>>> print(open('upload-v9.txt').read())   # compact mmCIF, C-alpha atoms
# COMPACT_ATOMS: atom_id res chain seq x y z
CA SER A 18 -214.14 -29.54 -93.93
CA LEU A 19 -214.27 -26.60 -91.51
CA VAL A 20 -214.51 -28.84 -88.45
CA PRO A 21 -210.99 -30.32 -88.74
CA ALA A 22 -209.47 -26.86 -89.25
CA ALA A 23 -211.34 -25.51 -86.23
CA SER A 24 -210.30 -28.56 -84.24
CA CYS A 25 -206.65 -27.99 -85.18
CA GLU A 26 -206.89 -24.35 -84.14
CA MET A 27 -208.49 -25.34 -80.84
CA ASP A 28 -205.75 -27.91 -80.21
CA ALA A 29 -203.07 -25.32 -80.95
CA THR A 30 -204.75 -22.80 -78.64
CA ARG A 31 -205.10 -25.43 -75.91
CA ALA A 32 -201.41 -26.38 -76.24
CA LEU A 33 -200.40 -22.72 -75.98
CA LEU A 34 -202.54 -22.22 -72.86
CA ASP A 35 -201.11 -25.43 -71.33
CA SER A 36 -197.60 -24.16 -71.93
CA LEU A 37 -198.22 -20.70 -70.51
CA MET A 38 -200.60 -21.46 -67.66
CA GLY A 39 -200.06 -25.15 -66.98
CA THR A 40 -202.26 -28.13 -67.66
CA ASP A 41 -203.98 -27.56 -64.31
CA ARG A 42 -205.27 -24.08 -65.20
CA ASP A 43 -208.89 -25.23 -64.92
CA ALA A 44 -208.45 -27.07 -61.61
CA GLY A 45 -210.68 -25.92 -58.80
CA LYS A 46 -209.47 -24.32 -55.57
CA ASN A 47 -209.25 -27.63 -53.75
CA ALA A 48 -207.69 -29.61 -56.59
CA LYS A 49 -204.00 -30.43 -56.37
CA LYS A 50 -202.03 -28.14 -58.66
CA LYS A 51 -199.22 -29.52 -60.76
CA SER A 52 -195.81 -28.75 -59.35
CA TRP A 53 -192.50 -28.19 -61.05
CA ARG A 54 -191.19 -30.81 -58.59
CA ASP A 55 -193.29 -33.55 -60.19
CA ASP A 56 -191.29 -36.33 -61.82
CA ASP A 57 -192.87 -35.73 -65.21
CA VAL A 58 -191.55 -32.13 -65.44
CA CYS A 59 -188.21 -31.72 -67.26
CA LYS A 60 -185.69 -30.20 -64.83
CA HIS A 61 -183.28 -29.39 -67.68
CA TYR A 62 -185.98 -27.25 -69.27
CA LEU A 63 -186.59 -25.46 -65.97
CA VAL A 64 -183.01 -24.19 -65.69
CA TRP A 65 -181.91 -23.83 -69.32
CA GLU A 66 -182.76 -25.99 -72.32
CA CYS A 67 -183.55 -29.65 -72.70
CA PRO A 68 -181.02 -31.44 -74.94
CA HIS A 69 -183.93 -33.12 -76.73
CA ASP A 70 -185.00 -29.67 -77.96
CA PHE A 71 -181.72 -29.25 -79.86
CA PHE A 72 -183.11 -31.54 -82.56
CA LEU A 73 -186.49 -30.09 -83.49
CA ASP A 74 -187.90 -29.59 -86.97
CA GLN A 75 -189.37 -26.30 -88.16
CA ALA A 76 -192.75 -27.20 -86.68
CA GLY A 77 -191.21 -27.63 -83.23
CA ARG A 78 -191.53 -31.43 -83.17
CA PRO A 79 -188.58 -33.80 -82.66
CA ALA A 80 -186.79 -34.18 -85.98
CA ALA A 81 -186.95 -37.58 -87.65
CA THR A 82 -183.14 -37.69 -87.57
CA SER A 83 -182.90 -36.75 -83.87
CA PRO A 84 -180.46 -39.02 -82.03
CA LEU A 85 -182.35 -38.41 -78.77
CA GLY A 86 -185.98 -38.51 -79.79
CA PRO A 87 -188.65 -36.59 -77.89
CA CYS A 88 -188.25 -35.78 -74.20
CA LYS A 89 -190.48 -37.94 -72.04
CA ARG A 90 -191.03 -35.09 -69.58
CA GLN A 91 -193.14 -31.94 -69.85
CA HIS A 92 -191.73 -28.61 -71.02
CA LEU A 93 -194.13 -26.02 -69.67
CA ASP A 94 -193.42 -22.31 -69.28
CA ALA A 95 -195.84 -22.29 -66.35
CA MET A 96 -193.62 -24.79 -64.49
CA LYS A 97 -190.57 -22.68 -65.30
CA ASP A 98 -192.31 -19.63 -63.79
CA ARG A 99 -193.35 -21.58 -60.70
CA PHE A 100 -189.78 -22.83 -60.31
CA GLU A 101 -188.36 -19.30 -60.58
CA ARG A 102 -190.69 -18.07 -57.84
CA ASP A 103 -189.77 -20.87 -55.43
CA LYS A 104 -187.42 -19.89 -52.59
CA GLU A 105 -185.37 -23.07 -53.14
CA ALA A 106 -184.81 -22.29 -56.83
CA PRO A 107 -181.23 -20.92 -56.49
CA LYS A 108 -179.99 -24.02 -54.65
CA LEU A 109 -181.82 -26.43 -56.93
CA ARG A 110 -180.76 -24.48 -60.04
CA ARG A 111 -177.13 -25.36 -59.29
CA ARG A 112 -178.01 -29.02 -58.81
CA TYR A 113 -180.11 -29.19 -61.98
CA LEU A 114 -177.49 -27.31 -64.05
CA SER A 115 -174.82 -29.69 -62.78
CA ALA A 116 -176.96 -32.66 -63.85
CA LEU A 117 -177.54 -31.01 -67.24
CA LEU A 118 -173.82 -30.41 -67.69
CA GLY A 119 -173.17 -34.08 -66.96
CA GLU A 120 -175.80 -35.10 -69.50
CA LEU A 121 -174.35 -32.77 -72.16
CA ARG A 122 -170.83 -34.11 -71.52
CA ARG A 123 -172.14 -37.67 -71.87
CA LEU A 124 -173.83 -36.79 -75.17
CA VAL A 125 -170.66 -35.15 -76.52
CA ALA A 126 -168.59 -38.18 -75.45
CA ASP A 127 -171.03 -40.48 -77.29
CA VAL A 128 -170.76 -38.41 -80.46
CA ASP A 129 -166.95 -38.29 -80.16
CA ALA A 130 -166.82 -42.08 -79.76
CA ARG A 131 -169.01 -42.62 -82.84
CA LEU A 132 -166.89 -40.15 -84.81
CA GLN A 133 -163.66 -41.90 -83.78
CA HIS A 134 -165.17 -45.29 -84.67
CA ASP A 135 -166.15 -44.04 -88.13
CA LYS A 136 -162.72 -42.45 -88.70
CA ASN A 137 -161.03 -45.72 -87.76
CA ARG A 138 -163.27 -47.65 -90.17
CA LEU A 139 -162.34 -45.23 -92.94
CA ARG A 140 -158.61 -45.41 -92.17
CA THR A 141 -158.66 -49.21 -92.40
CA GLY A 142 -160.14 -49.00 -95.87
CA THR A 143 -163.66 -50.08 -95.04
CA SER A 144 -165.78 -48.97 -97.95
CA CYS A 145 -168.12 -46.07 -97.51
CA SER A 146 -170.12 -43.68 -99.63
CA LYS A 147 -168.30 -41.11 -101.75
CA GLU A 148 -169.84 -38.32 -99.64
CA THR A 149 -168.41 -39.81 -96.45
CA ALA A 150 -165.00 -40.37 -98.00
CA ASP A 151 -164.94 -36.78 -99.30
CA ALA A 152 -166.04 -35.42 -95.92
CA VAL A 153 -163.27 -37.26 -94.08
CA GLY A 154 -160.68 -36.23 -96.64
CA GLY A 155 -160.74 -39.09 -99.11
CA GLY A 156 -159.07 -41.54 -96.71
CA ALA A 157 -161.14 -44.50 -97.86
CA VAL A 158 -162.21 -46.21 -101.00
CA ALA A 159 -165.67 -45.07 -102.03
CA ARG A 160 -168.23 -47.58 -103.27
>>> encode(input="upload-v9.txt", output="structure tokens")
Amino acid sequence: SLVPAASCEMDATRALLDSLMGTDRDAGKNAKKKSWRDDDVCKHYLVWECPHDFFLDQAGRPAATSPLGPCKRQHLDAMKDRFERDKEAPKLRRRYLSALLGELRRLVADVDARLQHDKNRLRTGTSCSKETADAVGGGAVAR
């Protein structure tokens, strides 16, 4: 039973090293190093935070109730460091932050639309749970 525990510890150590030094830390001199410019690196994470990380459980994994799910791109501190050292970082930071702002506005608009839809359903008397009716102010008939 010691092997699985050791394996878990090794996996955790490997994940930490990947995050800090990059997944290409063992690549030879002539091997192509991973770049923060690669398509599979999260640009939101490079400049601030990835919206997908707003919905993590205590173990740092995407929460089961996350409306976004896990990010399909990599979040590596090593890529963040490489980005910060790049001479084009200030110009690209503005572009990436602008894209992030647009994404956050879209997410807020989606939540606002769902909230308005639910409020309208409650106002028209569509039945709902007692908890929902209480939360909205008792404007609907509870089941």
>>> atom_distance(input="upload-v9.txt", atom1="CA of Ala116 in chain A", atom2="CA of Asp56 in chain A")
14.9 Å
>>> residues_around(input="upload-v9.txt", residues="Phe100 in chain A", least_positions_apart="3", cutoff="10 Å", atoms="all atoms listed in the file", output="PDB file with C-alpha atoms, in the coordinates of the input")
ATOM      1  CA  SER A  52    -195.810 -28.750 -59.350  1.00  0.00           C
ATOM      2  CA  TRP A  53    -192.500 -28.190 -61.050  1.00  0.00           C
ATOM      3  CA  ARG A  54    -191.190 -30.810 -58.590  1.00  0.00           C
ATOM      4  CA  LYS A  60    -185.690 -30.200 -64.830  1.00  0.00           C
ATOM      5  CA  LEU A  63    -186.590 -25.460 -65.970  1.00  0.00           C
ATOM      6  CA  VAL A  64    -183.010 -24.190 -65.690  1.00  0.00           C
ATOM      7  CA  ASP A  94    -193.420 -22.310 -69.280  1.00  0.00           C
ATOM      8  CA  ALA A  95    -195.840 -22.290 -66.350  1.00  0.00           C
ATOM      9  CA  MET A  96    -193.620 -24.790 -64.490  1.00  0.00           C
ATOM     10  CA  LYS A  97    -190.570 -22.680 -65.300  1.00  0.00           C
ATOM     11  CA  ASP A 103    -189.770 -20.870 -55.430  1.00  0.00           C
ATOM     12  CA  LYS A 104    -187.420 -19.890 -52.590  1.00  0.00           C
ATOM     13  CA  GLU A 105    -185.370 -23.070 -53.140  1.00  0.00           C
ATOM     14  CA  ALA A 106    -184.810 -22.290 -56.830  1.00  0.00           C
ATOM     15  CA  PRO A 107    -181.230 -20.920 -56.490  1.00  0.00           C
ATOM     16  CA  LEU A 109    -181.820 -26.430 -56.930  1.00  0.00           C
ATOM     17  CA  ARG A 110    -180.760 -24.480 -60.040  1.00  0.00           C
TER      18      ARG A 110
END
>>> residues_around(input="upload-v9.txt", residues="Cys67 in chain A", least_positions_apart="5", cutoff="9 Å", atoms="all atoms listed in the file", output="list of chain:residue names")
A:Cys59, A:Lys60, A:His61, A:Tyr62, A:Cys88, A:His92, A:Leu117
>>> atom_distance(input="upload-v9.txt", atom1="CA of Val125 in chain A", atom2="CA of Lys108 in chain A")
26.3 Å
>>> closest_residue(input="upload-v9.txt", among="A:Met27, A:Trp65, A:Arg78, A:Arg90", to="Arg111 in chain A", atoms="all atoms listed in the file")
A:Trp65
